[in-house]
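As structure tokens, the structure follows; a few thoughts come after it.
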2 protein chains.
Amino acid sequence: MSTVQKRDKLIKQWIKEAAESIELAKEESLKVEEKSARNDLVTNMDKEIEEELTNKIRAEFPEDRICGEEGFGDDLKDLKGTVWFVDPIDGTLNYVLQQENFAVMVGVYEDGVGVQGYIYDVCKDKLYHAIKGMGVYCNGQPVKSPENKSLSAGLVATNSQLMTQDQFAEYRKIAGKSMGVRMLGSAGLEIIELLKGNVIAYMASKLSPWDIAPGKVMIEEVGFKVSQFDGSEVDLLNRNKTIFSTVKAFDEIVTANSK
Amino acid sequence: MSTVQKRDKLIKQWIKEAAESIELAKEESLKVEEKSARNDLVTNMDKEIEEELTNKIRAEFPEDRICGEEGFGDDLKDLKGTVWFVDPIDGTLNYVLQQENFAVMVGVYEDGVGVQGYIYDVCKDKLYHAIKGMGVYCNGQPVKSPENKSLSAGLVATNSQLMTQDQFAEYRKIAGKSMGVRMLGSAGLEIIELLKGNVIAYMASKLSPWDIAPGKVMIEEVGFKVSQFDGSEVDLLNRNKTIFSTVKAFDEIVTANSK
């Protein structure tokens, strides 16, 4: 079994185990804390799941490094070697307020190149994954490649800040050229919408490496684009204003943006 | 069997029959036309379903009048007597572009007072309904009343125009006081989110009577509020800028708006 195959088997198992713990925790009362802002929340489950995933990765792959949201990973200054990106609960606000519409995400990169990406829509029991060069799958079944539609022919997903903050007026105009805007509140679930062809782009004003890395593998696997708003490469050591998009819409968004 | 009971039984049956036709039509190629704008679409199915529902209502309740999106109903100048509101496919853009995230909706009013409301989330097979004074049900099971949360304690649903048009900047600021914004692109599905407690308000810059009437019965049944943006009664003969909301958030939104 290759290293990629070994990781694939383990990641799928670990994600399902994590999801079980997350679902069970709904029955008990969650402990919720604020992080950087009143709507940037973290729960005891975000922390417990990340710690658990981190321990499992370290036990099986002691050479690898880990980049995670809750600080159980390593303090990365570069992407050399094998780096794991872990988002224990993507869409924590939904998890706290809705008890649905959140995801568990894992990505694996080798020397900065995305090799494996996993997004699990826990409540719908849909595990999307991609291995570089092998296509995208949902619950083990190949996902039909989404159409390469233009901005004016599809819907665009965005994040809340892009809707409400003055500095993003330009991007609201770009979104206004599409057929309409949709917002689920989870980067992972927006990426799934893009993979399904339900939207033709996802523009988010602030995404962290663990929000970006797993989906980037999948989106590039279907031949679509991922970049910062200005068209430059995303930086997986920092936060980014990020576009995930069909090729056609990408060119329109980046061109509109550079005017 | 009372008239309300007879209507209840028939509406549930008719909605399920409509949904079957809508699902079957996905297999064939839909005929899509533009109405008022490039993102205001109508399909052959919107028309066929409304015609079918209208014929069924007229056959069983020949005295009643009908207000529908596609023009098979009556040209209403008042709401006297029994008036039916029919939205054959609420979220047509989603139906065309995503083949999911749309609803079939029916509402019945007597002398302008909402008596029965039905919203069917076709792809999730969830039929929500309310009869005035009898509570809200999902697939026949009582729905737990959602919490009366404040604006700052919950998520807010909006529509695309509110996000992208200059004239709605004030409302984007109000939305910014919430925990975050969510957008599904179907008035019916946003109302379901409010009934589930997933959002605490739905603000839409332009809703027609058939978008409002069915959900209004349900939202008022759980003790929440429905009005125009300025707090005045919605007008079920015209389009409205509409708020559906918890009582607490409603007061905050209308107050913020009247400043």
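Identifiers for the structure tokens are assigned positionally: chains receive A, B, ... in sequence, residues are indexed from 1 per chain, and ligands are indexed from 1 in the order shown.
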
May I have the residues of chain A within 6 Å of chain B, counting only C-alpha atoms, written as a JSON list (two decimals) with N, CA, C and O atoms, in the first residue's frame?
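What ended up in result13.json:
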```
[["chain", "number", "residue", "atom", "x", "y", "z"],
["A", 39, "ASN", "N", -18.46, 36.96, 16.59],
["A", 39, "ASN", "CA", -18.98, 35.91, 15.69],
["A", 39, "ASN", "C", -17.86, 35.00, 15.18],
["A", 39, "ASN", "O", -17.99, 34.35, 14.15],
["A", 98, "GLN", "N", -27.06, 26.28, 14.52],
["A", 98, "GLN", "CA", -28.00, 25.50, 13.69],
["A", 98, "GLN", "C", -27.90, 23.99, 13.94],
["A", 98, "GLN", "O", -28.78, 23.24, 13.53],
["A", 160, "SER", "N", -20.03, 36.31, 4.78],
["A", 160, "SER", "CA", -20.79, 37.41, 5.40],
["A", 160, "SER", "C", -20.07, 38.74, 5.35],
["A", 160, "SER", "O", -20.69, 39.78, 5.10],
["A", 163, "MET", "N", -20.43, 40.65, 2.30],
["A", 163, "MET", "CA", -21.74, 41.26, 2.15],
["A", 163, "MET", "C", -21.89, 42.56, 2.92],
["A", 163, "MET", "O", -22.56, 43.49, 2.48],
["A", 164, "THR", "N", -21.29, 42.64, 4.10],
["A", 164, "THR", "CA", -21.65, 43.73, 5.01],
["A", 164, "THR", "C", -20.60, 44.82, 5.15],
["A", 164, "THR", "O", -20.91, 45.89, 5.66],
["A", 172, "ARG", "N", -19.13, 43.11, -4.25],
["A", 172, "ARG", "CA", -20.58, 42.96, -4.31],
["A", 172, "ARG", "C", -21.06, 43.29, -5.73],
["A", 172, "ARG", "O", -22.00, 42.68, -6.23],
["A", 176, "GLY", "N", -22.96, 40.90, -8.25],
["A", 176, "GLY", "CA", -24.20, 41.36, -8.88],
["A", 176, "GLY", "C", -24.27, 41.07, -10.38],
["A", 176, "GLY", "O", -25.34, 41.13, -10.97],
["A", 179, "MET", "N", -25.95, 35.43, -11.61],
["A", 179, "MET", "CA", -27.41, 35.22, -11.55],
["A", 179, "MET", "C", -27.95, 35.47, -10.15],
["A", 179, "MET", "O", -29.16, 35.68, -9.97],
["A", 180, "GLY", "N", -27.09, 35.40, -9.13],
["A", 180, "GLY", "CA", -27.55, 35.60, -7.76],
["A", 180, "GLY", "C", -26.50, 35.13, -6.78],
["A", 180, "GLY", "O", -25.54, 34.46, -7.16],
["A", 181, "VAL", "N", -26.70, 35.49, -5.51],
["A", 181, "VAL", "CA", -25.73, 35.19, -4.47],
["A", 181, "VAL", "C", -26.30, 34.14, -3.52],
["A", 181, "VAL", "O", -27.49, 34.15, -3.22],
["A", 182, "ARG", "N", -25.44, 33.24, -3.07],
["A", 182, "ARG", "CA", -25.84, 32.22, -2.09],
["A", 182, "ARG", "C", -24.79, 32.18, -0.98],
["A", 182, "ARG", "O", -23.60, 32.39, -1.25],
["A", 183, "MET", "N", -25.20, 31.91, 0.26],
["A", 183, "MET", "CA", -24.26, 31.87, 1.38],
["A", 183, "MET", "C", -24.68, 30.80, 2.37],
["A", 183, "MET", "O", -25.75, 30.90, 2.97],
["A", 184, "LEU", "N", -23.80, 29.82, 2.57],
["A", 184, "LEU", "CA", -24.09, 28.74, 3.52],
["A", 184, "LEU", "C", -23.34, 28.91, 4.84],
["A", 184, "LEU", "O", -23.70, 28.31, 5.84],
["A", 198, "ASN", "N", -23.57, 23.79, -8.40],
["A", 198, "ASN", "CA", -24.66, 24.62, -7.86],
["A", 198, "ASN", "C", -24.30, 26.11, -7.85],
["A", 198, "ASN", "O", -25.18, 26.95, -7.91]]
```

Selection near Leu194 in chain A, 12 Å with only C-alpha atoms, sequence-local residues under 5 positions removed, as JSON, numbers by chain: {"A": [143, 144, 145, 146, 147, 148, 149, 154, 155, 156, 157, 158, 182, 187, 188, 189, 199, 200, 201, 202, 203, 215, 216, 218, 219, 220, 222, 223, 224, 225, 226, 243, 244, 245, 246, 249], "B": [97, 98]}

Which residues come within 10 Å of Ile119 in chain B, counting only C-alpha atoms, excluding same-chain residues fewer than 3 positions away, as a JSON list (two decimals) with all heavy atoms, in the first residue's frame?
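Dumped everything to part04.json:
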```json
[["chain", "number", "residue", "atom", "x", "y", "z"],
["B", 12, "LYS", "N", -52.24, 18.86, 0.78],
["B", 12, "LYS", "CA", -51.08, 17.97, 0.98],
["B", 12, "LYS", "C", -50.94, 16.99, -0.19],
["B", 12, "LYS", "O", -49.84, 16.76, -0.68],
["B", 12, "LYS", "CB", -51.25, 17.21, 2.30],
["B", 12, "LYS", "CG", -50.97, 18.10, 3.51],
["B", 12, "LYS", "CD", -51.30, 17.36, 4.79],
["B", 12, "LYS", "CE", -51.00, 18.24, 6.01],
["B", 12, "LYS", "NZ", -51.67, 17.73, 7.22],
["B", 15, "ILE", "N", -49.86, 18.97, -3.42],
["B", 15, "ILE", "CA", -48.46, 19.40, -3.37],
["B", 15, "ILE", "C", -47.53, 18.22, -3.67],
["B", 15, "ILE", "O", -46.56, 18.34, -4.41],
["B", 15, "ILE", "CB", -48.12, 20.04, -2.00],
["B", 15, "ILE", "CG1", -48.71, 21.45, -1.92],
["B", 15, "ILE", "CG2", -46.62, 20.07, -1.75],
["B", 15, "ILE", "CD1", -48.41, 22.19, -0.62],
["B", 87, "ASP", "N", -47.60, 29.24, -5.24],
["B", 87, "ASP", "CA", -46.29, 29.41, -5.87],
["B", 87, "ASP", "C", -45.83, 28.02, -6.32],
["B", 87, "ASP", "O", -45.40, 27.20, -5.51],
["B", 87, "ASP", "CB", -45.28, 30.02, -4.88],
["B", 87, "ASP", "CG", -44.06, 30.56, -5.59],
["B", 87, "ASP", "OD1", -43.88, 30.24, -6.79],
["B", 87, "ASP", "OD2", -43.28, 31.30, -4.96],
["B", 90, "ASP", "N", -41.06, 27.81, -5.95],
["B", 90, "ASP", "CA", -40.43, 28.95, -5.30],
["B", 90, "ASP", "C", -38.93, 28.68, -5.28],
["B", 90, "ASP", "O", -38.47, 27.69, -4.69],
["B", 90, "ASP", "CB", -40.97, 29.09, -3.87],
["B", 90, "ASP", "CG", -40.24, 30.17, -3.11],
["B", 90, "ASP", "OD1", -40.37, 31.34, -3.49],
["B", 90, "ASP", "OD2", -39.50, 29.84, -2.15],
["B", 102, "PHE", "N", -35.50, 24.24, -3.81],
["B", 102, "PHE", "CA", -36.71, 24.96, -4.22],
["B", 102, "PHE", "C", -37.90, 24.35, -3.46],
["B", 102, "PHE", "O", -37.77, 23.31, -2.82],
["B", 102, "PHE", "CB", -36.91, 24.85, -5.74],
["B", 102, "PHE", "CG", -36.99, 23.45, -6.24],
["B", 102, "PHE", "CD1", -38.19, 22.77, -6.27],
["B", 102, "PHE", "CD2", -35.84, 22.78, -6.66],
["B", 102, "PHE", "CE1", -38.26, 21.45, -6.71],
["B", 102, "PHE", "CE2", -35.89, 21.45, -7.10],
["B", 102, "PHE", "CZ", -37.11, 20.79, -7.12],
["B", 103, "ALA", "N", -39.05, 25.06, -3.53],
["B", 103, "ALA", "CA", -40.22, 24.63, -2.76],
["B", 103, "ALA", "C", -41.50, 24.80, -3.55],
["B", 103, "ALA", "O", -41.55, 25.60, -4.48],
["B", 103, "ALA", "CB", -40.29, 25.43, -1.46],
["B", 104, "VAL", "N", -42.52, 24.05, -3.17],
["B", 104, "VAL", "CA", -43.88, 24.28, -3.66],
["B", 104, "VAL", "C", -44.65, 24.88, -2.49],
["B", 104, "VAL", "O", -44.56, 24.38, -1.37],
["B", 104, "VAL", "CB", -44.55, 22.95, -4.10],
["B", 104, "VAL", "CG1", -45.98, 23.22, -4.59],
["B", 104, "VAL", "CG2", -43.73, 22.26, -5.19],
["B", 105, "MET", "N", -45.40, 25.97, -2.74],
["B", 105, "MET", "CA", -46.05, 26.66, -1.63],
["B", 105, "MET", "C", -47.53, 26.97, -1.93],
["B", 105, "MET", "O", -47.87, 27.38, -3.04],
["B", 105, "MET", "CB", -45.34, 27.98, -1.32],
["B", 105, "MET", "CG", -43.82, 27.85, -1.18],
["B", 105, "MET", "SD", -43.07, 29.13, -0.17],
["B", 105, "MET", "CE", -43.33, 30.58, -1.18],
["B", 106, "VAL", "N", -48.33, 26.81, -0.91],
["B", 106, "VAL", "CA", -49.75, 27.16, -1.00],
["B", 106, "VAL", "C", -50.18, 27.83, 0.30],
["B", 106, "VAL", "O", -49.77, 27.39, 1.39],
["B", 106, "VAL", "CB", -50.62, 25.89, -1.24],
["B", 106, "VAL", "CG1", -52.11, 26.23, -1.17],
["B", 106, "VAL", "CG2", -50.28, 25.23, -2.58],
["B", 107, "GLY", "N", -50.97, 28.90, 0.19],
["B", 107, "GLY", "CA", -51.54, 29.54, 1.37],
["B", 107, "GLY", "C", -53.02, 29.80, 1.14],
["B", 107, "GLY", "O", -53.44, 30.03, 0.00],
["B", 122, "VAL", "N", -38.98, 20.16, -1.61],
["B", 122, "VAL", "CA", -39.18, 18.97, -2.45],
["B", 122, "VAL", "C", -38.02, 17.97, -2.31],
["B", 122, "VAL", "O", -38.22, 16.78, -2.07],
["B", 122, "VAL", "CB", -39.37, 19.37, -3.93],
["B", 122, "VAL", "CG1", -39.46, 18.16, -4.84],
["B", 122, "VAL", "CG2", -40.63, 20.25, -4.08],
["B", 126, "LYS", "N", -39.57, 17.43, 2.93],
["B", 126, "LYS", "CA", -40.06, 17.98, 4.21],
["B", 126, "LYS", "C", -41.24, 18.91, 3.90],
["B", 126, "LYS", "O", -41.05, 19.96, 3.27],
["B", 126, "LYS", "CB", -38.97, 18.80, 4.91],
["B", 126, "LYS", "CG", -37.70, 18.02, 5.23],
["B", 126, "LYS", "CD", -37.75, 17.42, 6.61],
["B", 126, "LYS", "CE", -36.41, 16.81, 6.94],
["B", 126, "LYS", "NZ", -36.45, 15.92, 8.10],
["B", 127, "LEU", "N", -42.42, 18.51, 4.34],
["B", 127, "LEU", "CA", -43.61, 19.35, 4.14],
["B", 127, "LEU", "C", -43.96, 20.05, 5.47],
["B", 127, "LEU", "O", -44.38, 19.39, 6.43],
["B", 127, "LEU", "CB", -44.79, 18.51, 3.65],
["B", 127, "LEU", "CG", -46.13, 19.24, 3.51],
["B", 127, "LEU", "CD1", -46.04, 20.47, 2.61],
["B", 127, "LEU", "CD2", -47.21, 18.29, 2.97],
["B", 128, "TYR", "N", -43.75, 21.35, 5.49],
["B", 128, "TYR", "CA", -44.13, 22.17, 6.65],
["B", 128, "TYR", "C", -45.53, 22.71, 6.42],
["B", 128, "TYR", "O", -45.85, 23.14, 5.31],
["B", 128, "TYR", "CB", -43.14, 23.33, 6.83],
["B", 128, "TYR", "CG", -41.80, 22.89, 7.39],
["B", 128, "TYR", "CD1", -40.85, 22.28, 6.57],
["B", 128, "TYR", "CD2", -41.49, 23.09, 8.73],
["B", 128, "TYR", "CE1", -39.64, 21.86, 7.09],
["B", 128, "TYR", "CE2", -40.26, 22.68, 9.25],
["B", 128, "TYR", "CZ", -39.34, 22.07, 8.43],
["B", 128, "TYR", "OH", -38.14, 21.66, 8.95],
["B", 129, "HIS", "N", -46.35, 22.68, 7.48],
["B", 129, "HIS", "CA", -47.65, 23.32, 7.32],
["B", 129, "HIS", "C", -48.15, 23.87, 8.65],
["B", 129, "HIS", "O", -47.71, 23.43, 9.73],
["B", 129, "HIS", "CB", -48.67, 22.36, 6.71],
["B", 129, "HIS", "CG", -49.45, 21.58, 7.72],
["B", 129, "HIS", "ND1", -49.00, 20.41, 8.29],
["B", 129, "HIS", "CD2", -50.67, 21.82, 8.27],
["B", 129, "HIS", "CE1", -49.89, 19.95, 9.14],
["B", 129, "HIS", "NE2", -50.91, 20.78, 9.16],
["B", 130, "ALA", "N", -49.02, 24.86, 8.54],
["B", 130, "ALA", "CA", -49.66, 25.41, 9.74],
["B", 130, "ALA", "C", -51.12, 25.69, 9.43],
["B", 130, "ALA", "O", -51.46, 26.11, 8.32],
["B", 130, "ALA", "CB", -48.98, 26.70, 10.17],
["B", 138, "CYS", "N", -44.09, 19.56, 10.69],
["B", 138, "CYS", "CA", -43.22, 19.13, 9.60],
["B", 138, "CYS", "C", -43.47, 17.65, 9.38],
["B", 138, "CYS", "O", -43.28, 16.85, 10.31],
["B", 138, "CYS", "CB", -41.76, 19.38, 9.96],
["B", 138, "CYS", "SG", -40.64, 18.68, 8.73],
["B", 187, "ALA", "N", -37.59, 31.97, -0.90],
["B", 187, "ALA", "CA", -38.31, 32.54, 0.25],
["B", 187, "ALA", "C", -38.84, 31.42, 1.15],
["B", 187, "ALA", "O", -38.71, 31.47, 2.37],
["B", 187, "ALA", "CB", -39.45, 33.43, -0.23],
["B", 188, "GLY", "N", -39.39, 30.40, 0.53],
["B", 188, "GLY", "CA", -39.96, 29.29, 1.29],
["B", 188, "GLY", "C", -38.92, 28.60, 2.16],
["B", 188, "GLY", "O", -39.17, 28.31, 3.34],
["B", 189, "LEU", "N", -37.75, 28.36, 1.59],
["B", 189, "LEU", "CA", -36.71, 27.66, 2.36],
["B", 189, "LEU", "C", -36.13, 28.56, 3.45],
["B", 189, "LEU", "O", -35.74, 28.08, 4.52],
["B", 189, "LEU", "CB", -35.60, 27.14, 1.45],
["B", 189, "LEU", "CG", -36.05, 26.13, 0.40],
["B", 189, "LEU", "CD1", -34.83, 25.54, -0.33],
["B", 189, "LEU", "CD2", -36.87, 24.99, 1.01],
["B", 191, "ILE", "N", -37.89, 30.73, 5.13],
["B", 191, "ILE", "CA", -38.92, 30.67, 6.19],
["B", 191, "ILE", "C", -38.75, 29.39, 7.01],
["B", 191, "ILE", "O", -38.87, 29.40, 8.24],
["B", 191, "ILE", "CB", -40.34, 30.70, 5.56],
["B", 191, "ILE", "CG1", -40.57, 31.99, 4.80],
["B", 191, "ILE", "CG2", -41.41, 30.49, 6.64],
["B", 191, "ILE", "CD1", -40.42, 33.22, 5.60],
["B", 192, "ILE", "N", -38.46, 28.29, 6.33],
["B", 192, "ILE", "CA", -38.22, 27.03, 7.05],
["B", 192, "ILE", "C", -37.01, 27.19, 7.98],
["B", 192, "ILE", "O", -37.04, 26.75, 9.13],
["B", 192, "ILE", "CB", -38.01, 25.85, 6.06],
["B", 192, "ILE", "CG1", -39.34, 25.52, 5.37],
["B", 192, "ILE", "CG2", -37.47, 24.62, 6.78],
["B", 192, "ILE", "CD1", -39.25, 24.42, 4.31],
["B", 214, "PRO", "N", -47.96, 32.01, 2.22],
["B", 214, "PRO", "CA", -47.92, 30.72, 2.94],
["B", 214, "PRO", "C", -47.06, 30.79, 4.21],
["B", 214, "PRO", "O", -47.48, 30.32, 5.27],
["B", 214, "PRO", "CB", -47.30, 29.77, 1.90],
["B", 214, "PRO", "CG", -47.60, 30.41, 0.57],
["B", 214, "PRO", "CD", -47.48, 31.88, 0.83],
["B", 215, "GLY", "N", -45.87, 31.40, 4.11],
["B", 215, "GLY", "CA", -44.97, 31.48, 5.27],
["B", 215, "GLY", "C", -45.49, 32.39, 6.36],
["B", 215, "GLY", "O", -45.23, 32.15, 7.55],
["B", 218, "MET", "N", -47.39, 30.57, 8.97],
["B", 218, "MET", "CA", -46.54, 29.77, 9.87],
["B", 218, "MET", "C", -45.79, 30.64, 10.87],
["B", 218, "MET", "O", -45.69, 30.31, 12.05],
["B", 218, "MET", "CB", -45.51, 29.00, 9.05],
["B", 218, "MET", "CG", -46.16, 28.00, 8.13],
["B", 218, "MET", "SD", -44.89, 26.98, 7.36],
["B", 218, "MET", "CE", -45.85, 26.41, 5.99]]
```

Between CA of Glu70 in chain B and CA of Pro88 in chain B - distance in Å to one decimal: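 One can read the CA of Pro88 in chain B to CA of Glu70 in chain B distance as 8.5 Å.
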
Residue nearest Val42 in chain A among A:Asn55, A:Thr92, A:Ser150, A:Ser208 (counting only C-alpha atoms):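 Among the listed residues, A:Thr92 lies closest to Val42 in chain A.
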
Point-to-point distance from CA of Arg65 in chain A to CA of Gly81 in chain A, Å rounded to tenths: 8.0 Å

Interatomic distance (Å, one decimal) between CA of Val32 in chain A and CA of Ala18 in chain A: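 Atom-to-atom, CA of Val32 in chain A and CA of Ala18 in chain A are spaced 18.2 Å apart.
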
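Minimum atom-to-atom distances from A:Glu23, A:Trp14, A:Met1, A:Cys67 to Lys124 in chain A were compared using only C-alpha atoms, and the lowest value belongs to A:Glu23.
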
Using backbone DSSP assignments, extract all strand (DSSP E or B) residues from range 168-239 of chain B; output them as a short mmCIF file (atom, residue, chain, number, x, y, z; two decimals) with all heavy atoms, in the first residue's frame.
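That gives us selection_34.cif:
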```cif
data_model
loop_
_atom_site.label_atom_id
_atom_site.label_comp_id
_atom_site.auth_asym_id
_atom_site.auth_seq_id
_atom_site.Cartn_x
_atom_site.Cartn_y
_atom_site.Cartn_z
N GLY B 180 -24.13 36.75 11.36
CA GLY B 180 -23.69 36.44 10.00
C GLY B 180 -24.89 36.33 9.07
O GLY B 180 -26.03 36.30 9.52
N VAL B 181 -24.60 36.31 7.77
CA VAL B 181 -25.65 36.30 6.76
C VAL B 181 -25.69 34.95 6.06
O VAL B 181 -24.64 34.34 5.82
CB VAL B 181 -25.41 37.43 5.73
CG1 VAL B 181 -26.53 37.47 4.70
CG2 VAL B 181 -25.27 38.77 6.43
N ARG B 182 -26.88 34.49 5.74
CA ARG B 182 -27.06 33.25 5.00
C ARG B 182 -28.04 33.49 3.87
O ARG B 182 -28.98 34.29 4.03
CB ARG B 182 -27.60 32.14 5.93
CG ARG B 182 -26.71 31.82 7.14
CD ARG B 182 -25.44 31.12 6.73
NE ARG B 182 -24.57 30.80 7.86
CZ ARG B 182 -23.55 31.57 8.27
NH1 ARG B 182 -23.27 32.70 7.65
NH2 ARG B 182 -22.79 31.20 9.28
N MET B 183 -27.89 32.82 2.73
CA MET B 183 -28.78 33.02 1.58
C MET B 183 -28.97 31.72 0.83
O MET B 183 -28.02 31.19 0.28
CB MET B 183 -28.17 34.06 0.63
CG MET B 183 -27.90 35.40 1.29
SD MET B 183 -26.98 36.52 0.20
CE MET B 183 -28.24 36.89 -0.97
N ALA B 201 -34.01 35.98 11.35
CA ALA B 201 -34.78 36.89 10.50
C ALA B 201 -34.51 36.58 9.03
O ALA B 201 -33.46 36.02 8.70
CB ALA B 201 -34.42 38.34 10.80
N TYR B 202 -35.46 36.95 8.19
CA TYR B 202 -35.29 36.89 6.74
C TYR B 202 -35.74 38.23 6.21
O TYR B 202 -36.89 38.63 6.39
CB TYR B 202 -36.14 35.75 6.16
CG TYR B 202 -36.24 35.72 4.64
CD1 TYR B 202 -35.12 35.91 3.84
CD2 TYR B 202 -37.46 35.49 4.01
CE1 TYR B 202 -35.21 35.87 2.45
CE2 TYR B 202 -37.56 35.44 2.62
CZ TYR B 202 -36.44 35.65 1.85
OH TYR B 202 -36.53 35.61 0.48
N MET B 203 -34.82 38.97 5.60
CA MET B 203 -35.11 40.30 5.04
C MET B 203 -34.99 40.20 3.52
O MET B 203 -33.89 39.89 3.03
CB MET B 203 -34.09 41.32 5.52
CG MET B 203 -34.06 41.54 7.02
SD MET B 203 -33.16 43.07 7.43
CE MET B 203 -31.48 42.62 6.98
N ALA B 204 -36.05 40.46 2.80
CA ALA B 204 -36.00 40.36 1.33
C ALA B 204 -36.52 41.64 0.71
O ALA B 204 -37.57 42.16 1.09
CB ALA B 204 -36.80 39.16 0.85
N SER B 205 -35.76 42.15 -0.28
CA SER B 205 -36.04 43.47 -0.82
C SER B 205 -37.24 43.49 -1.77
O SER B 205 -37.72 44.56 -2.14
CB SER B 205 -34.80 44.00 -1.55
OG SER B 205 -34.43 43.09 -2.57
N LYS B 206 -37.72 42.30 -2.19
CA LYS B 206 -38.84 42.28 -3.13
C LYS B 206 -39.51 40.92 -3.11
O LYS B 206 -39.00 39.97 -3.69
CB LYS B 206 -38.32 42.58 -4.55
CG LYS B 206 -39.40 42.95 -5.54
CD LYS B 206 -38.81 43.46 -6.84
CE LYS B 206 -38.10 42.38 -7.64
NZ LYS B 206 -37.51 42.88 -8.90
N LEU B 207 -40.64 40.82 -2.42
CA LEU B 207 -41.38 39.56 -2.41
C LEU B 207 -42.80 39.78 -2.91
O LEU B 207 -43.44 40.78 -2.58
CB LEU B 207 -41.42 38.95 -1.01
CG LEU B 207 -40.12 38.41 -0.42
CD1 LEU B 207 -40.39 37.76 0.94
CD2 LEU B 207 -39.44 37.41 -1.34
N LYS B 225 -42.96 37.79 13.82
CA LYS B 225 -43.53 38.94 13.11
C LYS B 225 -43.28 38.87 11.60
O LYS B 225 -42.23 38.39 11.16
CB LYS B 225 -42.85 40.22 13.62
CG LYS B 225 -43.06 40.46 15.11
CD LYS B 225 -44.21 41.40 15.33
CE LYS B 225 -44.03 42.14 16.65
NZ LYS B 225 -45.01 43.22 16.76
N VAL B 226 -44.19 39.45 10.86
CA VAL B 226 -44.05 39.63 9.41
C VAL B 226 -44.53 41.03 9.08
O VAL B 226 -45.63 41.41 9.49
CB VAL B 226 -44.91 38.61 8.62
CG1 VAL B 226 -44.71 38.77 7.12
CG2 VAL B 226 -44.61 37.18 9.06
N SER B 227 -43.72 41.81 8.36
CA SER B 227 -44.15 43.16 7.97
C SER B 227 -43.32 43.65 6.80
O SER B 227 -42.39 42.98 6.36
CB SER B 227 -44.00 44.14 9.14
OG SER B 227 -42.65 44.59 9.23
N GLN B 228 -43.66 44.83 6.33
CA GLN B 228 -42.78 45.51 5.38
C GLN B 228 -41.57 46.05 6.16
O GLN B 228 -41.57 46.08 7.39
CB GLN B 228 -43.53 46.64 4.68
CG GLN B 228 -44.71 46.10 3.87
CD GLN B 228 -45.27 47.11 2.90
OE1 GLN B 228 -44.55 47.87 2.27
NE2 GLN B 228 -46.58 47.09 2.75
#
```
